[in-house]
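File shown: structure.cif. Contents: mmCIF, C-alpha atoms and all ligand atoms.
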data_final
loop_
_atom_site.label_atom_id
_atom_site.label_comp_id
_atom_site.auth_asym_id
_atom_site.auth_seq_id
_atom_site.Cartn_x
_atom_site.Cartn_y
_atom_site.Cartn_z
CA MET D 19 187.17 179.41 142.01
CA GLY D 20 187.19 177.24 138.89
CA LYS D 21 184.44 177.11 136.30
CA PRO D 22 181.19 175.64 137.64
CA VAL D 23 180.27 172.18 136.39
CA LEU D 24 176.67 171.58 135.30
CA ARG D 25 176.46 168.52 133.09
CA THR D 26 173.56 166.32 132.05
CA GLU D 27 173.27 163.63 129.39
CA LEU D 28 172.21 166.42 126.99
CA CYS D 29 175.76 167.79 127.11
CA ASP D 30 177.18 164.48 125.90
CA MET D 31 174.48 164.12 123.27
CA LEU D 32 175.09 167.57 121.75
CA GLY D 33 178.77 168.06 122.60
CA ILE D 34 178.17 171.13 124.77
CA GLU D 35 179.32 172.26 128.21
CA TYR D 36 176.03 173.38 129.81
CA PRO D 37 172.49 172.01 129.24
CA ILE D 38 171.09 175.40 128.23
CA LEU D 39 169.81 176.18 124.72
CA SER D 40 168.76 179.62 123.52
CA ALA D 41 165.42 179.16 121.76
CA GLY D 42 165.09 179.43 117.98
CA MET D 43 163.06 182.63 117.80
CA GLY D 44 161.95 184.01 114.45
CA PRO D 45 160.49 187.48 113.89
CA SER D 46 157.10 188.12 115.52
CA LEU D 47 155.77 189.67 112.29
CA ILE D 48 156.82 190.27 108.68
CA GLY D 49 159.33 193.07 108.32
CA GLU D 50 160.79 192.54 111.81
CA ARG D 51 164.21 191.13 112.65
CA THR D 52 164.56 187.54 113.72
CA GLY D 53 164.61 187.15 117.53
CA ALA D 54 167.55 184.72 117.45
CA PRO D 55 170.07 186.05 114.88
CA VAL D 56 173.59 184.80 114.13
CA GLU D 57 175.14 187.01 116.87
CA LEU D 58 172.99 185.41 119.59
CA VAL D 59 173.65 181.89 118.34
CA VAL D 60 177.40 182.46 118.31
CA ALA D 61 177.41 184.14 121.76
CA VAL D 62 175.46 181.32 123.42
CA SER D 63 177.37 178.49 121.74
CA GLU D 64 180.73 180.12 122.48
CA ALA D 65 179.70 180.51 126.14
CA GLY D 66 179.13 176.76 126.45
CA GLY D 67 175.38 176.51 125.80
CA LEU D 68 173.85 175.86 122.39
CA GLY D 69 172.50 178.73 120.31
CA VAL D 70 169.62 178.08 117.89
CA LEU D 71 169.06 180.30 114.85
CA GLY D 72 165.46 181.53 114.40
CA ALA D 73 165.18 180.93 110.66
CA SER D 74 161.42 181.17 110.19
CA GLY D 75 161.52 184.70 108.78
CA TYR D 76 164.39 184.11 106.38
CA THR D 77 164.32 183.21 102.72
CA VAL D 78 165.93 179.83 102.08
CA GLU D 79 169.09 181.51 100.76
CA GLN D 80 169.31 183.89 103.73
CA MET D 81 169.10 180.86 106.01
CA ARG D 82 171.93 179.12 104.16
CA ASP D 83 174.07 182.28 104.39
CA ALA D 84 173.31 182.58 108.13
CA ILE D 85 174.32 178.94 108.74
CA ARG D 86 177.63 179.54 106.94
CA GLU D 87 178.15 182.78 108.88
CA ILE D 88 177.69 180.92 112.19
CA ARG D 89 180.26 178.34 111.07
CA ALA D 90 182.65 181.13 110.12
CA GLN D 91 182.40 182.55 113.65
CA THR D 92 182.38 179.44 115.84
CA ASP D 93 183.30 175.78 115.65
CA LYS D 94 180.86 174.95 118.49
CA PRO D 95 177.60 173.05 117.87
CA PHE D 96 174.49 175.12 117.07
CA GLY D 97 170.90 174.63 115.92
CA VAL D 98 168.48 175.94 113.30
CA ASP D 99 164.77 176.35 114.01
CA LEU D 100 162.06 176.34 111.32
CA LEU D 101 158.29 176.43 111.50
CA LEU D 102 156.88 173.31 109.86
CA PRO D 103 153.07 173.64 110.10
CA ARG D 104 151.44 170.36 109.06
CA GLN D 105 149.28 171.90 106.33
CA MET D 106 152.40 173.33 104.63
CA VAL D 107 154.49 170.19 104.95
CA MET D 108 151.68 168.14 103.38
CA MET D 109 151.76 170.35 100.28
CA ASP D 110 154.58 170.88 97.80
CA ASP D 111 156.67 174.00 98.37
CA ALA D 112 155.23 177.21 96.94
CA VAL D 113 156.41 177.69 93.33
CA VAL D 114 157.89 181.14 92.80
CA ASP D 115 157.67 182.10 89.14
CA GLY D 116 158.21 185.78 88.55
CA PRO D 117 158.64 188.27 91.37
CA LYS D 118 160.16 186.89 94.57
CA GLN D 119 158.40 189.46 96.76
CA LEU D 120 155.00 191.14 96.83
CA PRO D 121 154.07 194.43 98.51
CA LEU D 122 152.20 193.71 101.77
CA VAL D 123 149.72 196.42 100.82
CA GLU D 124 148.66 194.30 97.81
CA ILE D 125 148.37 191.11 99.88
CA VAL D 126 146.20 192.88 102.45
CA LYS D 127 143.68 193.69 99.69
CA THR D 128 143.12 189.96 99.17
CA LEU D 129 142.13 189.35 102.83
CA PRO D 130 138.47 188.64 103.66
CA LYS D 131 136.46 191.85 103.28
CA ALA D 132 135.74 192.24 107.01
CA HIS D 133 139.47 192.20 107.84
CA TYR D 134 140.45 194.53 105.00
CA ASP D 135 137.63 196.95 105.91
CA PHE D 136 138.80 196.91 109.55
CA TYR D 137 142.36 197.71 108.45
CA LEU D 138 141.12 200.65 106.32
CA LYS D 139 138.84 201.90 109.11
CA VAL D 140 141.61 201.93 111.74
CA LYS D 141 144.02 203.49 109.24
CA GLU D 142 141.61 206.31 108.54
CA GLU D 143 140.48 206.87 112.13
CA MET D 144 144.04 206.97 113.46
CA ASN D 145 145.45 208.74 110.41
CA LEU D 146 148.06 206.02 109.85
CA PRO D 147 150.60 206.20 106.97
CA ASP D 148 150.81 203.78 104.04
CA ILE D 149 152.92 200.67 104.41
CA ASP D 150 155.75 199.59 102.12
CA THR D 151 157.01 196.23 103.42
CA LEU D 152 157.72 193.58 100.80
CA VAL D 153 156.72 190.01 101.63
CA PRO D 154 159.20 187.35 100.43
CA LEU D 155 157.41 184.57 98.55
CA ASP D 156 160.29 182.15 99.07
CA SER D 157 160.50 182.22 102.88
CA THR D 158 161.47 179.08 104.73
CA THR D 159 157.93 178.76 106.09
CA VAL D 160 156.34 178.47 102.63
CA ARG D 161 159.22 176.33 101.31
CA PRO D 162 159.58 173.78 104.15
CA HIS D 163 160.92 170.94 102.00
CA GLU D 164 163.67 172.99 100.35
CA SER D 165 164.54 174.53 103.74
CA VAL D 166 164.87 171.13 105.39
CA ASN D 167 167.03 169.94 102.49
CA VAL D 168 169.36 172.91 102.92
CA CYS D 169 169.71 172.14 106.67
CA ILE D 170 170.56 168.55 105.75
CA GLU D 171 173.05 169.59 103.03
CA GLU D 172 174.70 171.92 105.54
CA LYS D 173 174.65 169.17 108.19
CA VAL D 174 173.26 171.50 110.85
CA PRO D 175 174.13 169.82 114.18
CA LEU D 176 170.64 170.28 115.71
CA PHE D 177 167.51 170.71 113.60
CA CYS D 178 164.55 172.15 115.53
CA ALA D 179 160.90 172.24 114.43
CA GLY D 180 158.95 175.06 116.07
CA LEU D 181 155.54 174.07 114.74
CA GLY D 182 154.58 170.64 113.45
CA ASN D 183 156.21 167.24 113.73
CA PRO D 184 159.66 166.89 112.12
CA GLY D 185 159.26 163.08 111.97
CA PHE D 186 159.28 163.08 108.14
CA MET D 187 162.93 164.19 108.00
CA VAL D 188 164.41 162.34 111.00
CA GLU D 189 165.86 159.39 109.07
CA GLU D 190 167.72 161.54 106.55
CA ALA D 191 168.90 163.91 109.28
CA HIS D 192 170.30 160.98 111.27
CA ALA D 193 172.03 159.62 108.18
CA ASN D 194 173.82 162.98 107.99
CA GLY D 195 174.92 162.95 111.61
CA MET D 196 172.32 165.47 112.77
CA LYS D 197 170.04 165.46 115.82
CA VAL D 198 166.38 166.46 115.59
CA LEU D 199 164.31 168.32 118.19
CA GLY D 200 160.53 168.84 118.24
CA ILE D 201 158.56 171.33 120.37
CA THR D 202 155.24 170.63 122.02
CA GLY D 203 152.80 172.22 124.44
CA ASN D 204 151.03 169.04 125.56
CA SER D 205 151.78 165.44 126.41
CA LYS D 206 149.79 163.97 123.49
CA ASN D 207 152.12 165.61 120.97
CA ALA D 208 155.14 164.74 123.09
CA LYS D 209 154.21 161.07 122.64
CA ARG D 210 153.53 161.54 118.93
CA MET D 211 156.95 163.13 118.39
CA ALA D 212 158.70 160.49 120.48
CA ASP D 213 157.04 157.82 118.29
CA SER D 214 158.41 159.53 115.20
CA LYS D 215 161.95 159.05 116.54
CA VAL D 216 163.04 162.61 117.22
CA ASP D 217 166.09 162.81 119.51
CA LEU D 218 164.85 165.53 121.86
CA ILE D 219 161.58 167.15 122.78
CA VAL D 220 161.04 170.65 124.16
CA ALA D 221 157.93 170.86 126.34
CA GLN D 222 156.89 174.50 126.43
CA GLY D 223 154.35 175.69 128.99
CA HIS D 224 151.55 178.24 128.59
CA GLU D 225 153.64 181.06 130.07
CA GLY D 226 156.23 180.99 127.26
CA GLY D 227 156.63 183.67 124.60
CA GLY D 228 155.57 183.10 120.98
CA HIS D 229 153.25 180.24 119.98
CA THR D 230 152.08 178.59 123.15
CA GLY D 231 149.57 176.08 124.41
CA ARG D 232 147.14 175.75 127.30
CA VAL D 233 149.13 173.82 129.92
CA GLY D 234 151.39 175.58 132.45
CA THR D 235 155.06 174.57 132.64
CA LEU D 236 154.90 173.06 136.14
CA ALA D 237 152.03 170.76 135.18
CA LEU D 238 153.32 170.04 131.68
CA LEU D 239 156.89 168.95 132.35
CA PRO D 240 156.34 165.75 134.36
CA GLN D 241 153.46 164.69 132.09
CA ALA D 242 155.42 165.39 128.90
CA ILE D 243 158.45 163.56 130.32
CA ASP D 244 156.32 160.48 131.08
CA ALA D 245 154.64 160.63 127.67
CA ALA D 246 157.90 161.06 125.73
CA ALA D 247 159.99 158.48 127.61
CA PRO D 248 162.59 157.32 126.76
CA VAL D 249 163.11 160.40 124.55
CA PRO D 250 164.66 163.13 126.75
CA VAL D 251 162.78 166.37 127.36
CA LEU D 252 163.95 169.98 127.76
CA GLY D 253 161.81 172.39 129.78
CA ALA D 254 160.64 175.73 128.37
CA GLY D 255 158.26 178.53 129.17
CA GLY D 256 158.97 180.91 132.04
CA ILE D 257 162.63 180.02 132.57
CA GLY D 258 164.66 183.19 133.12
CA ASP D 259 167.31 182.37 135.72
CA GLY D 260 168.98 179.54 137.62
CA ARG D 261 165.85 178.93 139.72
CA GLY D 262 163.95 177.97 136.56
CA VAL D 263 166.81 175.79 135.32
CA ALA D 264 167.10 173.98 138.66
CA ALA D 265 163.32 173.42 138.75
CA ALA D 266 163.30 171.94 135.25
CA LEU D 267 166.21 169.62 136.10
CA ALA D 268 164.48 168.61 139.36
CA MET D 269 161.41 167.63 137.32
CA GLY D 270 163.52 165.30 135.21
CA CYS D 271 164.37 167.48 132.21
CA VAL D 272 167.80 167.03 130.65
CA GLY D 273 168.09 170.74 129.95
CA VAL D 274 166.24 173.94 129.16
CA TRP D 275 165.19 175.98 126.09
CA VAL D 276 165.14 179.67 126.97
CA GLY D 277 163.44 182.30 124.78
CA THR D 278 162.49 185.67 126.25
CA ARG D 279 165.54 185.95 128.54
CA PHE D 280 167.91 185.58 125.56
CA LEU D 281 165.75 187.79 123.33
CA ALA D 282 166.36 190.64 125.80
CA THR D 283 170.17 190.50 125.62
CA GLU D 284 172.63 192.65 123.72
CA GLU D 285 172.74 190.08 120.92
CA GLY D 286 169.01 189.21 121.00
CA GLY D 287 167.11 190.28 117.86
CA ALA D 288 164.25 192.20 119.50
CA LEU D 289 163.77 195.81 118.43
CA ASP D 290 164.92 198.37 121.03
CA ILE D 291 161.33 199.31 121.81
CA HIS D 292 160.51 195.64 122.40
CA LYS D 293 163.52 195.18 124.70
CA LYS D 294 162.38 198.27 126.63
CA LYS D 295 158.87 196.83 126.99
CA ILE D 296 160.30 193.56 128.33
CA ILE D 297 162.46 195.42 130.86
CA GLU D 298 159.52 197.53 132.02
CA ALA D 299 157.01 194.64 132.09
CA THR D 300 155.59 192.97 135.17
CA ASP D 301 154.56 189.32 135.28
CA GLU D 302 151.03 190.38 134.19
CA ASP D 303 151.97 192.34 131.07
CA THR D 304 151.66 189.71 128.34
CA ARG D 305 148.57 188.37 126.54
CA ARG D 306 147.96 185.09 124.74
CA SER D 307 145.76 185.59 121.68
CA TYR D 308 145.13 184.63 118.06
CA LEU D 309 145.91 188.19 117.00
CA TYR D 310 149.44 187.84 115.65
CA THR D 311 149.43 184.61 113.68
CA GLY D 312 146.00 182.93 113.80
CA LYS D 313 147.44 180.41 116.29
CA THR D 314 147.59 181.16 119.99
CA SER D 315 150.73 183.14 120.75
CA ARG D 316 151.95 185.24 123.68
CA ALA D 317 153.15 188.81 123.21
CA ASN D 318 153.61 191.81 125.45
CA TYR D 319 150.30 193.56 126.05
CA ASN D 320 149.54 196.63 123.92
CA ARG D 321 146.46 198.50 122.75
CA PHE D 322 146.29 196.50 119.49
CA HIS D 323 145.08 193.62 121.69
CA ASP D 324 142.11 195.76 122.79
CA LEU D 325 141.34 196.86 119.22
CA TRP D 326 141.36 193.24 118.11
CA GLU D 327 139.15 192.03 120.94
CA ASP D 328 136.63 194.81 120.34
CA SER D 329 136.58 194.14 116.57
CA GLY D 330 134.69 190.86 116.90
CA LEU D 331 136.72 189.55 113.92
CA GLU D 332 137.53 185.85 113.63
CA PRO D 333 141.25 185.02 113.39
CA LEU D 334 142.35 183.98 109.90
CA PRO D 335 144.31 180.74 109.42
CA PHE D 336 148.11 180.82 109.81
CA PRO D 337 149.89 182.48 108.01
CA THR D 338 147.12 184.73 106.57
CA GLN D 339 146.53 186.36 109.96
CA VAL D 340 150.25 187.22 109.99
CA MET D 341 149.69 189.41 106.89
CA PHE D 342 146.81 191.24 108.59
CA ALA D 343 148.69 191.80 111.87
CA SER D 344 151.93 192.76 110.09
CA ALA D 345 150.17 195.44 108.04
CA MET D 346 148.50 196.91 111.12
CA VAL D 347 151.68 196.91 113.19
CA GLU D 348 153.77 198.42 110.40
CA SER D 349 151.27 201.31 110.24
CA PHE D 350 151.34 201.78 114.04
CA ASN D 351 155.11 201.66 113.97
CA LYS D 352 155.47 204.26 111.23
CA ALA D 353 153.02 206.57 113.01
CA GLY D 354 155.03 206.25 116.24
CA LYS D 355 152.00 204.74 118.05
CA THR D 356 154.15 202.79 120.48
CA ASP D 357 151.13 201.96 122.69
CA TYR D 358 149.88 199.75 119.87
CA ILE D 359 153.14 197.92 119.25
CA GLY D 360 154.22 194.69 120.88
CA ALA D 361 155.96 191.49 119.97
CA PHE D 362 156.30 187.94 121.26
CA ALA D 363 157.46 187.70 124.87
CA GLY D 364 156.75 185.41 127.82
CA GLN D 365 155.44 185.97 131.33
CA VAL D 366 159.03 185.74 132.56
CA SER D 367 159.49 189.30 131.19
CA GLY D 368 158.74 190.59 134.71
CA LEU D 369 161.93 188.93 135.94
CA ILE D 370 164.17 190.63 133.36
CA LYS D 371 165.55 193.94 134.58
CA GLU D 372 168.61 194.53 132.43
CA ILE D 373 169.87 194.04 128.88
CA LYS D 374 173.19 192.19 129.23
CA PRO D 375 175.48 190.22 126.93
CA ALA D 376 174.09 186.69 126.36
CA LYS D 377 177.31 185.19 127.76
CA GLU D 378 176.67 186.91 131.09
CA VAL D 379 173.07 185.70 131.19
CA LEU D 380 174.20 182.14 130.56
CA GLU D 381 177.04 182.27 133.09
CA GLU D 382 174.76 183.69 135.80
CA MET D 383 172.14 181.03 135.06
CA VAL D 384 174.74 178.28 135.41
CA GLU D 385 176.19 179.68 138.65
CA GLU D 386 172.76 180.08 140.25
CA THR D 387 171.66 176.59 139.20
CA VAL D 388 174.81 175.04 140.64
CA ASP D 389 174.40 176.98 143.90
CA ILE D 390 170.78 175.81 144.28
CA LEU D 391 171.52 172.17 143.47
CA LYS D 392 174.77 171.96 145.43
CA ASN D 393 174.20 174.18 148.46
CA LYS D 394 170.53 174.99 148.95
CA ILE D 395 168.53 171.86 148.11
CA PRO D 396 170.86 169.29 149.77
CA LYS D 397 170.21 171.04 153.11
CA TYR D 398 166.58 169.91 152.97
CA VAL D 399 167.33 166.22 153.04
CA ALA D 400 169.09 163.90 155.46
C1 LIG S 1 160.20 186.69 119.89
C2 LIG S 1 159.93 185.22 119.92
C3 LIG S 1 159.88 184.53 118.71
C4 LIG S 1 159.67 183.15 118.70
N1 LIG S 1 159.70 182.49 117.51
C5 LIG S 1 159.74 181.14 117.50
C6 LIG S 1 160.00 180.44 116.29
O1 LIG S 1 160.15 181.01 115.22
N2 LIG S 1 160.10 179.08 116.39
C7 LIG S 1 159.96 178.42 117.57
O2 LIG S 1 160.16 177.21 117.61
N3 LIG S 1 159.66 179.06 118.71
C8 LIG S 1 159.58 180.40 118.71
N4 LIG S 1 159.34 181.07 119.89
C9 LIG S 1 159.15 180.31 121.13
C10 LIG S 1 160.52 179.97 121.75
O3 LIG S 1 161.17 179.04 120.92
C11 LIG S 1 160.42 179.37 123.16
O4 LIG S 1 159.77 178.14 123.11
C12 LIG S 1 159.77 180.28 124.17
O5 LIG S 1 160.25 181.59 124.06
C13 LIG S 1 160.04 179.74 125.59
O6 LIG S 1 159.42 180.49 126.57
P1 LIG S 1 160.11 181.77 127.32
O7 LIG S 1 159.93 182.88 126.36
O8 LIG S 1 159.32 181.92 128.53
O9 LIG S 1 161.55 181.42 127.54
C14 LIG S 1 159.48 182.44 119.92
C15 LIG S 1 159.51 183.15 121.14
C16 LIG S 1 159.72 184.53 121.15
C17 LIG S 1 159.76 185.24 122.49
#
Any chance you could give the structure as structure tokens?
Amino acid sequence: MGKPVLRTELCDMLGIEYPILSAGMGPSLIGERTGAPVELVVAVSEAGGLGVLGASGYTVEQMRDAIREIRAQTDKPFGVDLLLPRQMVMMDDAVVDGPKQLPLVEIVKTLPKAHYDFYLKVKEEMNLPDIDTLVPLDSTTVRPHESVNVCIEEKVPLFCAGLGNPGFMVEEAHANGMKVLGITGNSKNAKRMADSKVDLIVAQGHEGGGHTGRVGTLALLPQAIDAAAPVPVLGAGGIGDGRGVAAALAMGCVGVWVGTRFLATEEGGALDIHKKKIIEATDEDTRRSYLYTGKTSRANYNRFHDLWEDSGLEPLPFPTQVMFASAMVESFNKAGKTDYIGAFAGQVSGLIKEIKPAKEVLEEMVEETVDILKNKIPKYVA
């Protein structure tokens, strides 16, 4: 049997074989690895999909190096994903005079008293060790303008904005032959992004891993597609195999953006303990909360969720809450308190039973989608 054919207009637009993108996943917290590192990007792009680098945890220079490393390993198209929260884009980039990193333990001392006292109380009660992570002050998230400029200089084929509207950079990106993709969790923002001339929109449903909104994928996709028209939409949130891909295409999506399934591959950047939690999870084992970043995000359930809920603390604005959560999780990690450790993952975790190479995941997804669309569904109609 020859190679299966699964082509949509997305394939022509991006110069790829299959309409499947691995999501641009950054680290869940400071000090962790990015979820979508160079290896995953290269594996997915080489297999005929399009891999997207999760660059939100990198410094600007690390991101540039990673882009060049991808180019050294593949000549296929790829993407880079950054977080562009509106409040950061509206300001100038952070100026870094002096040290380029600060100890997290010092930053935690500057949190509101209630949060710092909570951290100290838990540390004492659970006998947790000191933390030693250094926080880069020149990360892509606090230097959005410089980061975008580097992506433009490097002519990244697909620029993706995880948070915020990338409309401000679309014209320059187009002038450099790039495509721009925005991500939304509701139809209002899908329309807003379409109006700002992005090329593609990812509509991500409530069940997805990482930052996520209130609307479920099945309800969101047709509404986002209508709102964004004529800008094409990719489906995301809860897609883990060919059944999810076929459903998204049936709804009118031009392709899919898959996070958790690619995170839990050999090349995916999740820590081993996180991959294990995904493999062992059922469909009910994630929680959406403000705990990790101050914005609603979905992670696998762990006892830190209970501590947070019982604390009565208000979430701090993004990215200050990230400092709080990162300090707590680093302490849990060092103390081996695995019950209290979790990271971003979607409800689709329950479907994932094995860590495989990303190429295999992609090939199986394609084969299953083709089988459904070619053999199963046509039987239902005359
Ligand atoms: C570990 C992890 C990290 C993520 N980090 C980012 C990020 O930095 N930028 C972004 O646009 N989306 C991020 N996301 C969301 C994904 O891009 C994607 O939309 C989501 O995973 C899709 O849902 P699924 O997990 O059900 O496939 C992250 C998701 C996970 C699981």
Quick one: residues within 9 Å of Gly67 of chain D, all atoms listed in the file, excluding same-chain residues fewer than 2 positions away - as a ChimeraX atom specification? /D:29,34-40,61-65,69,95-96,380
For the selection just defined, write its residues with C-alpha atoms to a file, as an mmCIF file, in the coordinates of the input.
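So selection22.cif came out as:
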data_model
loop_
_atom_site.group_PDB
_atom_site.id
_atom_site.type_symbol
_atom_site.label_atom_id
_atom_site.label_comp_id
_atom_site.auth_asym_id
_atom_site.auth_seq_id
_atom_site.Cartn_x
_atom_site.Cartn_y
_atom_site.Cartn_z
ATOM 1 C CA CYS D 29 175.760 167.790 127.110
ATOM 2 C CA ILE D 34 178.170 171.130 124.770
ATOM 3 C CA GLU D 35 179.320 172.260 128.210
ATOM 4 C CA TYR D 36 176.030 173.380 129.810
ATOM 5 C CA PRO D 37 172.490 172.010 129.240
ATOM 6 C CA ILE D 38 171.090 175.400 128.230
ATOM 7 C CA LEU D 39 169.810 176.180 124.720
ATOM 8 C CA SER D 40 168.760 179.620 123.520
ATOM 9 C CA ALA D 61 177.410 184.140 121.760
ATOM 10 C CA VAL D 62 175.460 181.320 123.420
ATOM 11 C CA SER D 63 177.370 178.490 121.740
ATOM 12 C CA GLU D 64 180.730 180.120 122.480
ATOM 13 C CA ALA D 65 179.700 180.510 126.140
ATOM 14 C CA GLY D 69 172.500 178.730 120.310
ATOM 15 C CA PRO D 95 177.600 173.050 117.870
ATOM 16 C CA PHE D 96 174.490 175.120 117.070
ATOM 17 C CA LEU D 380 174.200 182.140 130.560
#
Using only C-alpha atoms and all ligand atoms, which residues of chain D come within 8 Å of ligand LIG 1 (chain S), and what is the closest atom pair for each, with the distance in Å to one decimal? Give it as JSON lines, sorted by chain and residue number.
{"residue": "D:Ala41", "atom": "CA", "partner": "S:LIG1", "partner_atom": "O3", "distance": 4.3}
{"residue": "D:Gly42", "atom": "CA", "partner": "S:LIG1", "partner_atom": "O3", "distance": 4.9}
{"residue": "D:Met43", "atom": "CA", "partner": "S:LIG1", "partner_atom": "N1", "distance": 3.4}
{"residue": "D:Gly44", "atom": "CA", "partner": "S:LIG1", "partner_atom": "O1", "distance": 3.6}
{"residue": "D:Pro45", "atom": "CA", "partner": "S:LIG1", "partner_atom": "C3", "distance": 5.7}
{"residue": "D:Ser46", "atom": "CA", "partner": "S:LIG1", "partner_atom": "C1", "distance": 5.5}
{"residue": "D:Thr52", "atom": "CA", "partner": "S:LIG1", "partner_atom": "C3", "distance": 7.5}
{"residue": "D:Gly53", "atom": "CA", "partner": "S:LIG1", "partner_atom": "C1", "distance": 5.0}
{"residue": "D:Ala54", "atom": "CA", "partner": "S:LIG1", "partner_atom": "C3", "distance": 7.8}
{"residue": "D:Gly72", "atom": "CA", "partner": "S:LIG1", "partner_atom": "O1", "distance": 5.4}
{"residue": "D:Ala73", "atom": "CA", "partner": "S:LIG1", "partner_atom": "O1", "distance": 6.8}
{"residue": "D:Ser74", "atom": "CA", "partner": "S:LIG1", "partner_atom": "O1", "distance": 5.2}
{"residue": "D:Gly75", "atom": "CA", "partner": "S:LIG1", "partner_atom": "O1", "distance": 7.5}
{"residue": "D:Asp99", "atom": "CA", "partner": "S:LIG1", "partner_atom": "N2", "distance": 5.9}
{"residue": "D:Leu100", "atom": "CA", "partner": "S:LIG1", "partner_atom": "N2", "distance": 6.1}
{"residue": "D:Leu101", "atom": "CA", "partner": "S:LIG1", "partner_atom": "N2", "distance": 5.8}
{"residue": "D:Cys178", "atom": "CA", "partner": "S:LIG1", "partner_atom": "O2", "distance": 7.0}
{"residue": "D:Ala179", "atom": "CA", "partner": "S:LIG1", "partner_atom": "O2", "distance": 5.9}
{"residue": "D:Gly180", "atom": "CA", "partner": "S:LIG1", "partner_atom": "O2", "distance": 2.9}
{"residue": "D:Leu181", "atom": "CA", "partner": "S:LIG1", "partner_atom": "O2", "distance": 6.3}
{"residue": "D:Ile201", "atom": "CA", "partner": "S:LIG1", "partner_atom": "O2", "distance": 6.7}
{"residue": "D:Val220", "atom": "CA", "partner": "S:LIG1", "partner_atom": "O4", "distance": 7.7}
{"residue": "D:Gln222", "atom": "CA", "partner": "S:LIG1", "partner_atom": "O4", "distance": 5.7}
{"residue": "D:Gly223", "atom": "CA", "partner": "S:LIG1", "partner_atom": "O6", "distance": 7.4}
{"residue": "D:Glu225", "atom": "CA", "partner": "S:LIG1", "partner_atom": "O8", "distance": 5.9}
{"residue": "D:Gly226", "atom": "CA", "partner": "S:LIG1", "partner_atom": "O6", "distance": 3.3}
{"residue": "D:Gly227", "atom": "CA", "partner": "S:LIG1", "partner_atom": "O7", "distance": 3.8}
{"residue": "D:Gly228", "atom": "CA", "partner": "S:LIG1", "partner_atom": "C15", "distance": 3.9}
{"residue": "D:His229", "atom": "CA", "partner": "S:LIG1", "partner_atom": "C9", "distance": 6.0}
{"residue": "D:Thr230", "atom": "CA", "partner": "S:LIG1", "partner_atom": "C9", "distance": 7.6}
{"residue": "D:Ala254", "atom": "CA", "partner": "S:LIG1", "partner_atom": "C13", "distance": 4.9}
{"residue": "D:Gly255", "atom": "CA", "partner": "S:LIG1", "partner_atom": "O6", "distance": 3.5}
{"residue": "D:Gly256", "atom": "CA", "partner": "S:LIG1", "partner_atom": "O8", "distance": 3.7}
{"residue": "D:Ile257", "atom": "CA", "partner": "S:LIG1", "partner_atom": "O9", "distance": 5.3}
{"residue": "D:Gly258", "atom": "CA", "partner": "S:LIG1", "partner_atom": "O9", "distance": 6.6}
{"residue": "D:Trp275", "atom": "CA", "partner": "S:LIG1", "partner_atom": "C13", "distance": 6.4}
{"residue": "D:Val276", "atom": "CA", "partner": "S:LIG1", "partner_atom": "O9", "distance": 4.0}
{"residue": "D:Gly277", "atom": "CA", "partner": "S:LIG1", "partner_atom": "O5", "distance": 3.3}
{"residue": "D:Thr278", "atom": "CA", "partner": "S:LIG1", "partner_atom": "O7", "distance": 3.8}
{"residue": "D:Arg279", "atom": "CA", "partner": "S:LIG1", "partner_atom": "O9", "distance": 6.1}
{"residue": "D:Phe280", "atom": "CA", "partner": "S:LIG1", "partner_atom": "O9", "distance": 7.9}
{"residue": "D:Leu281", "atom": "CA", "partner": "S:LIG1", "partner_atom": "C17", "distance": 6.6}
{"residue": "D:Ala288", "atom": "CA", "partner": "S:LIG1", "partner_atom": "C1", "distance": 6.8}
{"residue": "D:Arg316", "atom": "CA", "partner": "S:LIG1", "partner_atom": "C17", "distance": 7.9}
{"residue": "D:Ala317", "atom": "CA", "partner": "S:LIG1", "partner_atom": "C17", "distance": 7.5}
{"residue": "D:Ala361", "atom": "CA", "partner": "S:LIG1", "partner_atom": "C1", "distance": 6.4}
{"residue": "D:Phe362", "atom": "CA", "partner": "S:LIG1", "partner_atom": "C1", "distance": 4.3}
{"residue": "D:Ala363", "atom": "CA", "partner": "S:LIG1", "partner_atom": "C17", "distance": 4.1}
{"residue": "D:Gly364", "atom": "CA", "partner": "S:LIG1", "partner_atom": "O7", "distance": 4.3}
{"residue": "D:Gln365", "atom": "CA", "partner": "S:LIG1", "partner_atom": "O8", "distance": 6.3}
{"residue": "D:Val366", "atom": "CA", "partner": "S:LIG1", "partner_atom": "O8", "distance": 5.6}
{"residue": "D:Ser367", "atom": "CA", "partner": "S:LIG1", "partner_atom": "O8", "distance": 7.8}
So that I can check the surroundings of Glu372 of chain D, please list as a ChimeraX atom specification every protein, DNA and RNA residue that reaches within 12 Å of it, counting all atoms listed in the file and ignoring chain neighbours fewer than 5 positions away. /D:279-284,293-299,367,378-379
Need to verify the contact set: Phe186 of chain D, 12 Å, all atoms listed in the file, exclusion of same-chain residues closer than 4 positions in sequence. Can you return it as a list in words? Leu102, Arg104, Val107, Met108, Pro162, His163, Val166, Asn167, Ala179, Gly182, Glu190, Ala191, His192, Val198, Gly200, Met211, Asp213, Ser214, Lys215 and Val216 of chain D
Which one of D:Ala400, D:Gly253, D:Asp357, D:Ile85 sits closest to Pro240 of chain D if you count all atoms listed in the file? D:Gly253
